[in-house]
$ cat entry09.cif   # mmCIF, C-alpha atoms and all ligand atoms
data_entry
#
loop_
_atom_site.label_atom_id
_atom_site.label_comp_id
_atom_site.auth_asym_id
_atom_site.auth_seq_id
_atom_site.Cartn_x
_atom_site.Cartn_y
_atom_site.Cartn_z
CA MET E 1 152.38 270.04 107.59
CA LYS E 2 153.61 267.05 109.62
CA ARG E 3 154.60 265.34 106.41
CA GLU E 4 156.65 268.38 105.34
CA ILE E 5 158.44 268.54 108.69
CA PHE E 6 159.14 264.81 108.53
CA ASP E 7 160.52 265.14 104.98
CA ALA E 8 162.72 268.08 105.98
CA LYS E 9 164.03 266.20 109.03
CA THR E 10 164.93 263.11 107.00
CA ARG E 11 166.63 265.22 104.34
CA LEU E 12 168.78 266.83 107.01
CA LEU E 13 169.42 263.98 109.43
CA MET E 14 168.82 260.74 107.58
CA ARG E 15 170.32 261.30 104.15
CA GLY E 16 171.48 257.70 103.73
CA ASP E 17 168.06 256.34 104.70
CA ARG E 18 166.40 258.79 102.33
CA ARG E 19 168.54 257.55 99.43
CA ALA E 20 167.95 253.91 100.36
CA PHE E 21 164.20 254.61 100.39
CA GLU E 22 164.28 256.11 96.90
CA THR E 23 166.21 253.09 95.56
CA MET E 24 163.77 250.69 97.26
CA VAL E 25 160.78 252.39 95.64
CA GLU E 26 162.49 252.07 92.24
CA ASN E 27 163.27 248.39 92.88
CA GLU E 28 159.54 247.59 93.06
CA ARG E 29 159.26 248.45 89.37
CA LEU E 30 162.25 246.48 88.03
CA SER E 31 161.58 243.97 85.26
CA VAL E 32 161.34 240.33 86.33
CA ARG E 33 164.78 239.67 84.86
CA GLU E 34 166.40 242.64 86.57
CA PHE E 35 164.78 241.69 89.85
CA GLU E 36 165.91 238.07 89.66
CA ALA E 37 169.47 239.17 88.94
CA LEU E 38 169.40 241.52 91.94
CA SER E 39 167.94 238.84 94.21
CA THR E 40 170.25 235.94 93.28
CA THR E 41 173.33 238.18 93.39
CA ALA E 42 172.40 239.54 96.82
CA ALA E 43 171.71 236.03 98.17
CA ALA E 44 175.07 234.67 96.97
CA ARG E 45 176.83 237.76 98.31
CA MET E 46 175.34 237.17 101.79
CA ALA E 47 176.22 233.46 101.70
CA LEU E 48 179.82 234.32 100.80
CA HIS E 49 179.98 237.01 103.47
CA ALA E 50 178.75 234.42 105.99
CA TYR E 51 181.28 231.81 104.81
CA ASP E 52 184.14 234.33 104.90
CA SER E 53 183.49 235.89 108.29
CA SER E 54 181.19 233.75 110.46
CA PRO E 55 182.80 230.67 112.08
CA PHE E 56 179.36 229.02 112.28
CA TYR E 57 178.73 229.29 108.52
CA LEU E 58 182.31 228.32 107.60
CA ASP E 59 181.79 225.08 109.56
CA LEU E 60 178.29 224.52 108.22
CA TYR E 61 179.14 225.01 104.54
CA SER E 62 182.55 223.35 104.47
CA GLY E 63 181.11 220.49 106.54
CA ALA E 64 178.50 220.00 103.80
CA GLY E 65 181.24 219.90 101.16
CA PHE E 66 181.02 223.46 99.78
CA SER E 67 184.23 225.27 98.87
CA ARG E 68 184.49 229.07 98.83
CA GLU E 69 183.98 229.02 95.03
CA ASP E 70 180.87 226.83 95.43
CA VAL E 71 179.36 229.24 97.94
CA ALA E 72 180.10 232.22 95.67
CA GLU E 73 178.21 230.62 92.77
CA PRO E 74 174.57 231.87 92.76
CA ARG E 75 173.31 228.62 91.20
CA ASN E 76 174.41 226.68 94.29
CA PHE E 77 172.51 228.89 96.71
CA GLU E 78 169.41 226.70 96.89
CA ARG E 79 171.57 223.71 97.87
CA LEU E 80 173.24 225.38 100.86
CA PRO E 81 172.26 223.79 104.20
CA ILE E 82 169.26 225.27 105.97
CA VAL E 83 169.79 226.98 109.31
CA THR E 84 167.36 226.15 112.10
CA LYS E 85 166.55 228.01 115.31
CA ALA E 86 168.01 225.09 117.27
CA ALA E 87 171.32 225.36 115.36
CA LEU E 88 171.54 229.11 116.04
CA ARG E 89 170.80 228.60 119.72
CA GLU E 90 173.57 226.03 119.97
CA ALA E 91 176.03 228.10 117.90
CA GLY E 92 175.70 231.18 120.12
CA ASP E 93 178.14 233.96 119.27
CA SER E 94 179.97 231.92 116.62
CA VAL E 95 177.28 233.10 114.19
CA LEU E 96 178.53 236.69 114.51
CA SER E 97 180.60 238.05 111.63
CA THR E 98 184.16 238.83 112.66
CA ALA E 99 184.40 241.37 109.81
CA ILE E 100 181.80 243.78 111.21
CA PRO E 101 182.40 246.07 114.22
CA SER E 102 180.46 244.72 117.21
CA LYS E 103 178.92 248.12 117.89
CA ARG E 104 176.61 247.44 114.93
CA ALA E 105 175.14 244.39 116.72
CA LEU E 106 171.76 245.15 118.32
CA VAL E 107 170.47 242.38 120.58
CA SER E 108 167.01 241.11 119.65
CA GLN E 109 165.19 238.41 121.56
CA THR E 110 162.61 236.15 119.96
CA GLY E 111 159.45 235.28 121.89
CA GLY E 112 159.29 232.07 123.82
CA SER E 113 155.72 231.19 122.91
CA THR E 114 156.77 228.36 120.59
CA GLY E 115 159.82 226.91 122.26
CA ALA E 116 162.79 228.39 124.04
CA PRO E 117 163.63 232.04 123.35
CA LEU E 118 166.53 232.79 121.04
CA ARG E 119 168.93 235.74 121.22
CA VAL E 120 169.90 237.08 117.79
CA ARG E 121 171.43 240.38 116.63
CA ASN E 122 169.99 242.93 114.23
CA ASP E 123 172.37 245.11 112.20
CA ALA E 124 172.34 248.79 113.19
CA ALA E 125 173.47 249.62 109.65
CA ALA E 126 170.50 247.87 107.98
CA PRO E 127 168.07 250.27 106.24
CA THR E 128 165.22 249.30 108.57
CA ALA E 129 163.48 252.69 108.59
CA PRO E 130 163.26 252.92 104.77
CA MET E 131 161.87 249.37 104.74
CA TRP E 132 158.80 250.38 106.74
CA TRP E 133 158.55 253.78 105.06
CA ARG E 134 158.17 251.92 101.77
CA ILE E 135 155.55 249.49 103.07
CA TYR E 136 153.54 252.30 104.69
CA ARG E 137 153.56 253.98 101.29
CA TRP E 138 151.79 250.92 99.85
CA TRP E 139 148.98 251.63 102.33
CA ASP E 140 148.79 255.38 101.58
CA VAL E 141 150.35 256.22 104.93
CA HIS E 142 153.26 258.67 105.28
CA PRO E 143 155.85 257.99 108.00
CA GLY E 144 155.16 261.48 109.40
CA ASP E 145 151.44 260.72 109.93
CA ASP E 146 149.91 260.28 113.39
CA MET E 147 149.77 256.61 114.40
CA ALA E 148 148.38 254.25 117.03
CA PHE E 149 150.12 251.13 118.32
CA ILE E 150 148.92 248.08 120.23
CA TYR E 151 152.23 246.61 121.29
CA ARG E 152 153.80 244.39 123.88
CA ARG E 153 156.19 246.88 125.37
CA LEU E 154 155.59 250.47 126.34
CA ARG E 155 158.27 253.09 126.78
CA GLN E 156 158.45 254.73 130.19
CA GLY E 157 159.96 257.91 131.62
CA ARG E 158 163.05 259.26 129.83
CA GLU E 159 162.74 256.70 127.07
CA ALA E 160 159.17 257.82 126.35
CA LEU E 161 160.25 261.46 126.31
CA LYS E 162 163.12 260.73 123.92
CA TYR E 163 160.74 258.85 121.67
CA ALA E 164 158.23 261.74 121.62
CA VAL E 165 160.95 264.29 120.78
CA GLN E 166 162.29 262.08 118.00
CA TRP E 167 158.84 261.78 116.42
CA TRP E 168 157.73 265.39 116.91
CA PRO E 169 155.44 266.73 115.48
CA SER E 170 153.84 263.34 114.69
CA ARG E 171 151.74 261.98 117.51
CA HIS E 172 151.85 258.31 118.45
CA ILE E 173 149.43 256.71 120.90
CA HIS E 174 150.08 253.32 122.50
CA LEU E 175 148.15 250.55 124.21
CA ASP E 176 150.02 247.81 126.06
CA ALA E 177 148.97 244.51 124.48
CA ARG E 178 149.79 242.65 127.70
CA ALA E 179 147.34 244.66 129.78
CA ILE E 180 144.19 245.15 127.76
CA THR E 181 141.47 245.93 130.28
CA ASP E 182 138.14 247.64 129.52
CA GLU E 183 139.52 250.71 131.29
CA ALA E 184 142.71 250.73 129.19
CA ILE E 185 140.64 250.42 126.01
CA GLU E 186 138.44 253.37 127.03
CA ASP E 187 141.51 255.48 127.72
CA PHE E 188 143.00 254.46 124.35
CA THR E 189 139.69 255.33 122.62
CA ASN E 190 139.69 258.80 124.19
CA ARG E 191 143.24 259.49 123.04
CA TRP E 192 142.33 258.12 119.60
CA SER E 193 139.50 260.68 119.24
CA ARG E 194 141.90 263.51 119.98
CA VAL E 195 144.73 262.31 117.68
CA ARG E 196 142.73 260.57 114.90
CA PRO E 197 145.65 258.37 113.82
CA ARG E 198 146.00 257.47 110.15
CA LEU E 199 147.49 254.05 110.85
CA LEU E 200 147.00 251.40 113.53
CA VAL E 201 149.90 248.97 113.99
CA ALA E 202 148.90 246.05 116.19
CA TYR E 203 149.28 242.46 117.26
CA VAL E 204 146.33 240.54 115.85
CA GLU E 205 145.19 239.45 119.29
CA GLY E 206 145.46 242.96 120.78
CA ALA E 207 143.53 244.57 117.93
CA THR E 208 140.90 241.82 118.13
CA ALA E 209 140.44 242.40 121.86
CA VAL E 210 139.96 246.15 121.35
CA ALA E 211 137.61 245.66 118.39
CA THR E 212 135.54 243.06 120.26
CA HIS E 213 135.05 245.48 123.16
CA LEU E 214 134.03 248.38 120.89
CA ALA E 215 131.77 246.25 118.66
CA LYS E 216 129.66 245.35 121.73
CA SER E 217 128.44 248.94 121.89
CA GLY E 218 128.49 249.49 118.11
CA ARG E 219 131.38 251.98 118.28
CA THR E 220 134.02 252.51 115.58
CA LEU E 221 137.52 254.02 115.48
CA PRO E 222 137.91 255.11 111.84
CA THR E 223 141.41 255.23 110.35
CA THR E 224 143.10 254.81 106.95
CA ALA E 225 144.94 251.52 107.43
CA VAL E 226 145.35 248.75 109.99
CA SER E 227 148.55 246.73 109.99
CA VAL E 228 148.67 243.48 111.93
CA THR E 229 151.44 241.08 112.76
CA ALA E 230 152.67 238.25 115.00
CA ALA E 231 149.94 235.68 114.49
CA MET E 232 147.91 234.26 111.70
CA LEU E 233 145.03 236.54 110.87
CA GLN E 234 141.86 234.45 110.67
CA PRO E 235 139.19 235.61 108.17
CA GLY E 236 136.64 236.37 110.90
CA GLN E 237 139.17 238.55 112.73
CA ARG E 238 139.91 240.51 109.55
CA ALA E 239 136.17 241.16 109.03
CA LEU E 240 135.79 242.36 112.64
CA LEU E 241 138.81 244.69 112.45
CA GLU E 242 137.68 246.16 109.11
CA SER E 243 134.23 246.94 110.48
CA VAL E 244 135.45 248.58 113.71
CA PHE E 245 138.38 250.52 112.21
CA CYS E 246 136.51 251.28 108.93
CA ALA E 247 139.74 250.60 107.00
CA PRO E 248 141.50 247.85 105.09
CA VAL E 249 143.56 245.44 107.20
CA TYR E 250 147.06 244.71 105.91
CA ASP E 251 148.68 241.49 107.02
CA THR E 252 152.45 241.70 107.54
CA TYR E 253 155.12 239.08 108.11
CA ARG E 254 158.03 240.04 110.33
CA SER E 255 159.96 238.61 113.24
CA ALA E 256 162.49 239.55 115.86
CA GLU E 257 165.20 237.80 113.81
CA ILE E 258 164.26 239.39 110.48
CA PRO E 259 162.14 242.55 110.50
CA TRP E 260 159.81 243.42 107.58
CA ILE E 261 159.85 240.25 105.51
CA ALA E 262 156.57 240.69 103.63
CA ALA E 263 153.36 242.72 103.62
CA GLU E 264 150.06 242.96 101.80
CA CYS E 265 149.53 245.62 99.12
CA PRO E 266 146.08 247.11 98.45
CA GLN E 267 145.21 244.10 96.24
CA HIS E 268 145.15 241.85 99.35
CA GLU E 269 146.21 238.88 97.26
CA GLY E 270 149.03 237.53 99.35
CA LEU E 271 152.00 239.29 100.92
CA HIS E 272 154.75 240.83 98.79
CA VAL E 273 158.21 239.82 99.95
CA ALA E 274 160.46 242.89 100.34
CA GLY E 275 162.46 241.10 97.65
CA ASP E 276 165.36 243.54 97.35
CA GLN E 277 166.06 243.07 101.08
CA ARG E 278 165.08 239.45 101.72
CA MET E 279 164.74 236.19 99.82
CA VAL E 280 161.89 233.88 100.80
CA GLU E 281 162.03 230.22 99.75
CA ILE E 282 159.40 227.57 100.45
CA VAL E 283 160.95 224.13 100.99
CA ASP E 284 159.85 220.57 101.69
CA ASP E 285 161.00 218.38 104.60
CA ALA E 286 164.24 217.61 102.75
CA GLY E 287 164.99 221.32 102.33
CA ARG E 288 164.29 221.36 98.57
CA ARG E 289 162.38 224.21 96.97
CA VAL E 290 158.77 223.34 96.13
CA GLU E 291 156.65 224.62 93.22
CA PRO E 292 154.45 227.70 93.62
CA ASP E 293 151.12 227.01 95.36
CA VAL E 294 152.61 224.05 97.27
CA GLU E 295 152.66 224.58 101.03
CA GLY E 296 155.97 224.14 102.79
CA SER E 297 158.35 225.55 105.36
CA VAL E 298 159.34 229.23 105.08
CA VAL E 299 163.10 229.83 104.69
CA VAL E 300 164.35 233.45 104.65
CA THR E 301 167.67 235.07 103.77
CA ASP E 302 168.23 238.60 105.09
CA PHE E 303 170.33 240.65 102.63
CA SER E 304 170.88 243.51 105.06
CA ASN E 305 172.12 241.90 108.29
CA GLU E 306 175.90 241.63 107.96
CA VAL E 307 176.49 241.43 111.72
CA TYR E 308 174.61 238.20 112.36
CA PRO E 309 174.07 236.61 108.95
CA LEU E 310 170.78 234.78 108.46
CA VAL E 311 171.15 232.76 105.27
CA ARG E 312 168.47 230.17 104.41
CA TYR E 313 167.05 230.52 107.90
CA GLU E 314 164.02 228.35 108.70
CA MET E 315 161.40 230.56 110.33
CA GLY E 316 159.26 227.74 111.73
CA ASP E 317 156.23 228.89 109.72
CA ARG E 318 154.26 227.41 106.85
CA SER E 319 153.21 229.19 103.67
CA ARG E 320 153.36 228.89 99.88
CA LEU E 321 154.55 231.05 97.00
CA LEU E 322 151.79 232.49 94.83
CA ASN E 323 151.87 232.08 91.06
CA GLY E 324 151.62 234.96 88.60
CA ALA E 325 151.98 238.73 88.82
CA CYS E 326 150.10 240.98 91.25
CA GLY E 327 147.57 243.47 89.92
CA CYS E 328 149.50 246.30 91.60
CA GLY E 329 152.42 245.78 89.20
CA ARG E 330 155.10 245.36 91.87
CA VAL E 331 157.69 242.82 90.78
CA PHE E 332 158.29 241.34 94.24
CA PRO E 333 157.13 237.73 94.71
CA ARG E 334 154.15 237.00 96.93
CA ILE E 335 153.51 234.42 99.63
CA ALA E 336 150.16 233.29 101.02
CA PRO E 337 149.38 234.53 104.54
CA VAL E 338 151.37 232.43 106.98
CA GLN E 339 149.13 229.49 107.92
CA GLY E 340 150.13 228.25 111.31
CA ARG E 341 153.54 227.27 112.56
CA LEU E 342 155.55 224.16 111.88
CA ALA E 343 154.81 223.35 115.52
CA ASP E 344 151.07 223.27 114.74
CA VAL E 345 150.90 219.52 114.31
CA ILE E 346 147.92 217.18 114.58
CA ARG E 347 148.87 213.54 115.19
CA THR E 348 146.91 210.42 114.28
CA PRO E 349 146.86 207.01 116.01
CA SER E 350 148.78 205.46 113.07
CA GLY E 351 151.57 208.01 113.47
CA ARG E 352 150.77 210.48 110.66
CA ARG E 353 151.63 214.09 111.38
CA ILE E 354 149.32 216.67 109.79
CA THR E 355 151.00 220.04 109.53
CA GLY E 356 149.36 221.55 106.47
CA GLY E 357 145.99 222.09 104.90
CA LEU E 358 144.45 223.50 108.06
CA SER E 359 143.58 226.75 106.27
CA GLY E 360 140.87 224.78 104.44
CA LEU E 361 138.87 224.81 107.67
CA PHE E 362 138.18 228.48 107.12
CA LEU E 363 136.51 227.98 103.76
CA GLY E 364 132.75 228.00 103.53
CA ASP E 365 131.48 230.77 105.76
CA PRO E 366 134.63 232.45 107.07
CA GLU E 367 132.88 235.37 108.67
CA ALA E 368 130.57 233.36 110.93
CA ILE E 369 133.56 232.27 113.01
CA ARG E 370 135.79 234.98 114.37
CA GLN E 371 138.56 232.72 115.57
CA MET E 372 139.19 229.04 116.12
CA GLN E 373 141.69 226.76 117.80
CA ILE E 374 142.20 223.02 117.37
CA VAL E 375 142.80 221.20 120.64
CA GLN E 376 143.83 217.55 120.50
CA ALA E 377 143.73 215.37 123.64
CA SER E 378 146.12 212.55 124.49
CA ASP E 379 143.55 209.99 123.18
CA TYR E 380 143.81 211.75 119.73
CA SER E 381 140.28 213.15 119.94
CA ILE E 382 139.95 216.73 118.71
CA VAL E 383 137.87 219.68 119.88
CA ILE E 384 137.52 222.75 117.68
CA ARG E 385 137.14 225.69 120.06
CA TYR E 386 135.63 228.66 118.26
CA VAL E 387 134.50 232.21 118.93
CA ALA E 388 131.34 233.05 116.96
CA THR E 389 131.07 236.45 115.29
CA ARG E 390 127.47 236.58 116.57
CA LYS E 391 126.95 234.46 119.67
CA GLY E 392 125.21 231.15 118.97
CA GLU E 393 124.97 231.76 115.21
CA ALA E 394 127.97 229.80 113.99
CA THR E 395 126.95 226.22 114.74
CA ASP E 396 126.54 225.39 111.02
CA ALA E 397 129.92 226.88 110.11
CA ALA E 398 131.54 225.04 113.03
CA ALA E 399 129.95 221.76 111.92
CA ARG E 400 131.35 222.30 108.40
CA ALA E 401 134.82 222.92 109.84
CA ALA E 402 134.49 219.74 111.93
CA ARG E 403 133.53 217.73 108.82
CA ALA E 404 136.49 219.16 106.88
CA LEU E 405 138.87 218.29 109.72
CA THR E 406 137.38 214.80 110.12
CA ALA E 407 138.02 214.18 106.41
CA LEU E 408 141.57 215.54 106.68
CA VAL E 409 142.53 213.50 109.76
CA GLY E 410 140.58 210.28 109.03
CA GLU E 411 141.29 207.15 111.09
CA ASN E 412 138.01 207.53 113.01
CA VAL E 413 139.45 210.35 115.09
CA ASP E 414 136.58 212.01 116.93
CA VAL E 415 136.14 215.73 116.09
CA THR E 416 133.70 217.86 118.08
CA THR E 417 133.12 221.60 118.38
CA ILE E 418 132.55 223.92 121.29
CA GLU E 419 131.72 227.63 121.25
CA VAL E 420 133.87 229.69 123.63
CA SER E 421 133.89 233.39 124.45
CA ARG E 422 137.61 233.80 123.81
CA ILE E 423 140.78 231.99 122.86
CA GLU E 424 143.76 232.51 125.12
CA SER E 425 146.94 233.85 123.61
CA GLN E 426 150.49 233.83 124.87
CA ALA E 427 152.61 236.93 124.27
CA GLY E 428 150.13 238.16 121.68
CA LYS E 429 150.08 234.91 119.73
CA ALA E 430 147.26 232.37 119.86
CA ARG E 431 148.28 228.91 118.72
CA LEU E 432 146.18 227.38 115.94
CA VAL E 433 146.85 223.85 117.21
CA VAL E 434 147.43 222.64 120.74
CA SER E 435 148.06 218.88 120.78
CA GLU E 436 148.74 216.56 123.67
CA ALA E 437 148.56 213.46 121.49
CA PRO E 438 151.64 211.26 121.77
CA ASP E 439 153.81 210.40 118.78
CA PRO E 440 153.36 206.62 118.51
CA HIS E 441 156.90 206.21 117.14
ZN ZN E 501 150.56 243.82 94.86
#

$ encode --input "entry09.cif" --output "structure tokens" --more "lines below"
Ligand SMILES: [Zn+2]
Amino acid sequence: MKREIFDAKTRLLMRGDRRAFETMVENERLSVREFEALSTTAAARMALHAYDSSPFYLDLYSGAGFSREDVAEPRNFERLPIVTKAALREAGDSVLSTAIPSKRALVSQTGGSTGAPLRVRNDAAAPTAPMWWRIYRWWDVHPGDDMAFIYRRLRQGREALKYAVQWWPSRHIHLDARAITDEAIEDFTNRWSRVRPRLLVAYVEGATAVATHLAKSGRTLPTTAVSVTAAMLQPGQRALLESVFCAPVYDTYRSAEIPWIAAECPQHEGLHVAGDQRMVEIVDDAGRRVEPDVEGSVVVTDFSNEVYPLVRYEMGDRSRLLNGACGCGRVFPRIAPVQGRLADVIRTPSGRRITGGLSGLFLGDPEAIRQMQIVQASDYSIVIRYVATRKGEATDAAARAARALTALVGENVDVTTIEVSRIESQAGKARLVVSEAPDPH
């Protein structure tokens, strides 16, 4: 019934979104050749739009020796300069397109957990609703279904009322991820039993906190799908969430700058890029594309933000492209789950910087350790802080992780382990690496 009302509402009030949704669903089944043509054309179109109407991009591209014709040529796209967060921060409003009415610019603020916050704009005309409708469809969830959220910000008063009216008759329950107390979890659990949501959308850390509390007393909150975001999902956390919510966990990749970049399908073999809306490239330190399966820096182009163009934008995350086609048959390329941030750096006394390969620490017995964090002191020594899935029963797994890290770092750097009851997070994100070691250079 709720699904029918939702469908009727969108047919009446959101005709454009409805059409965009239908096209997006078709795009998943394009041939590889058709998809590549769509993707390269859209990327070059955005680069040209940026060159033509954003003073920041005109400067950036002409400064690097690209003429208008060069920018328009799809084959040159991968050579266009990369845009960093620092460059956007410095450029301020000169990034904005002068060709788009400013009323389409929606302010979006990135978190400050990994550096200074950055103010960007989302495009009010972007088909954002159809983007999540499509991804929910991958998980067998309808946008009109009842849902639960563990989020950072809760709506209050009039805003909450407006939200409820807009979503009627679907019911949404919320838990504030910044204030997860035992009492708040109990209240959330009671509301959950009344609503029985079909989808939980949560920050990894928030969902982990709720699941840890419920697992203590052997309770479950069954649902159809759990979608997590905003931090790397460690294998032990995934196992915990799947046992408490009795449902598959779908990792998603999204940010304040670019919503809905990629998400897992039911195959759980990497995250499909929403490839008709975004292009994801993996590049090396020189900004050149690397081969599939090689880890590098994630660079994203948003095809649907014309207000504040983000073309070859460096996210500050590390991942790799996966080779081959997915068993689900969707044509969109896949990336490995985001493994740490570029800022997650281990330093060695000789001056090496280790930014990749840390995911190898989770091999072996991933489910014995729920979560870990690598803390490096100013004398270069390293402590692996870990939360055991069952208290006191992960010493072997921790020792294996320590051996793997010792081999990776080398140079006689001391690696020890310590079991902790929890790992602190900032704004819903727990850092994988915290290093106080100086850069010898
Ligand atoms: Zn798939």

$ closest_residue --input "entry09.cif" --among "E:Glu4, E:Glu436, E:Glu257, E:Glu269" --to "ligand ZN 501 (chain E)" --atoms "all atoms listed in the file"
E:Glu269

$ residues_near_ligand --input "entry09.cif" --ligand "ligand ZN 501 (chain E)" --cutoff "10 Å" --atoms "all atoms listed in the file" --output "list in words"
Glu28, Trp138, Ala263, Glu264, Cys265, Pro266, Gln267, His268, Glu269, Gly270, Leu271, His272, Ala325, Cys326, Gly327, Cys328, Gly329, Arg330, Val331, Phe332, Pro333 and Arg334 of chain E

$ atom_distance --input "entry09.cif" --atom1 "atom CA of Leu38 of chain E" --atom2 "atom CA of Phe303 of chain E"
10.8 Å

$ atom_distance --input "entry09.cif" --atom1 "atom CA of Arg68 of chain E" --atom2 "atom CA of Asp285 of chain E"
26.4 Å

$ residues_around --input "entry09.cif" --residues "Ser255 of chain E" --least-positions-apart "2" --cutoff "9 Å" --atoms "all atoms listed in the file" --output "number ranges by chain"
E: 110, 229-230, 253, 257-261, 315

$ atom_distance --input "entry09.cif" --atom1 "atom CA of Leu13 of chain E" --atom2 "atom CA of Glu26 of chain E"
22.0 Å

$ residues_around --input "entry09.cif" --residues "Ala211 of chain E" --least-positions-apart "2" --cutoff "10 Å" --atoms "all atoms listed in the file" --output "list in words"
Ile185, Glu205, Gly206, Ala207, Thr208, Ala209, His213, Leu214, Ala215, Lys216, Gly218, Arg219, Thr220, Leu221, Gln237, Leu240, Leu241, Glu242, Ser243, Val244 and Phe245 of chain E

$ closest_residue --input "entry09.cif" --among "E:Asp379, E:Thr84, E:Thr189, E:Phe6" --to "Ser297 of chain E" --atoms "all atoms listed in the file"
E:Thr84

$ residues_around --input "entry09.cif" --residues "Gly316 of chain E" --least-positions-apart "4" --cutoff "7 Å" --atoms "all atoms listed in the file" --output "list in words"
Ser297, Val298, Arg341 and Leu342 of chain E

$ residues_around --input "entry09.cif" --residues "segment 88-90 of chain E" --least-positions-apart "5" --cutoff "10 Å" --atoms "all atoms listed in the file" --output "list in words"
Phe56, Val83, Val95, Ala116, Pro117, Leu118, Arg119, Val120, Leu310 and Tyr313 of chain E

$ axis_aligned_box --input "entry09.cif" --around "segment 328-346 of chain E" --padding-each-side "5 Å" --output "lines of an AutoDock Vina configuration file"
center_x = 153.1
center_y = 231.7
center_z = 102.4
size_x = 20.4
size_y = 39.1
size_z = 36.3

$ closest_residue --input "entry09.cif" --among "E:Ile5, E:Val107, E:Val311, E:Ala368" --to "Ala256 of chain E" --atoms "only C-alpha atoms"
E:Val107

$ closest_residue --input "entry09.cif" --among "E:Phe35, E:Phe66, E:Tyr250, E:Trp167" --to "Leu199 of chain E" --atoms "only C-alpha atoms"
E:Tyr250

$ closest_residue --input "entry09.cif" --among "E:Ser227, E:Asn122, E:Ser217, E:Thr355" --to "Leu96 of chain E" --atoms "only C-alpha atoms"
E:Asn122

$ closest_residue --input "entry09.cif" --among "E:Asn305, E:Ser170, E:Asn27, E:Thr98" --to "Asp52 of chain E" --atoms "all atoms listed in the file"
E:Thr98

$ residues_near_point --input "entry09.cif" --point "(168.5, 226.0, 98.9)" --cutoff "7 Å" --atoms "all atoms listed in the file" --output "PyMOL selection string"
chain E and resi 77-81+287-289+312
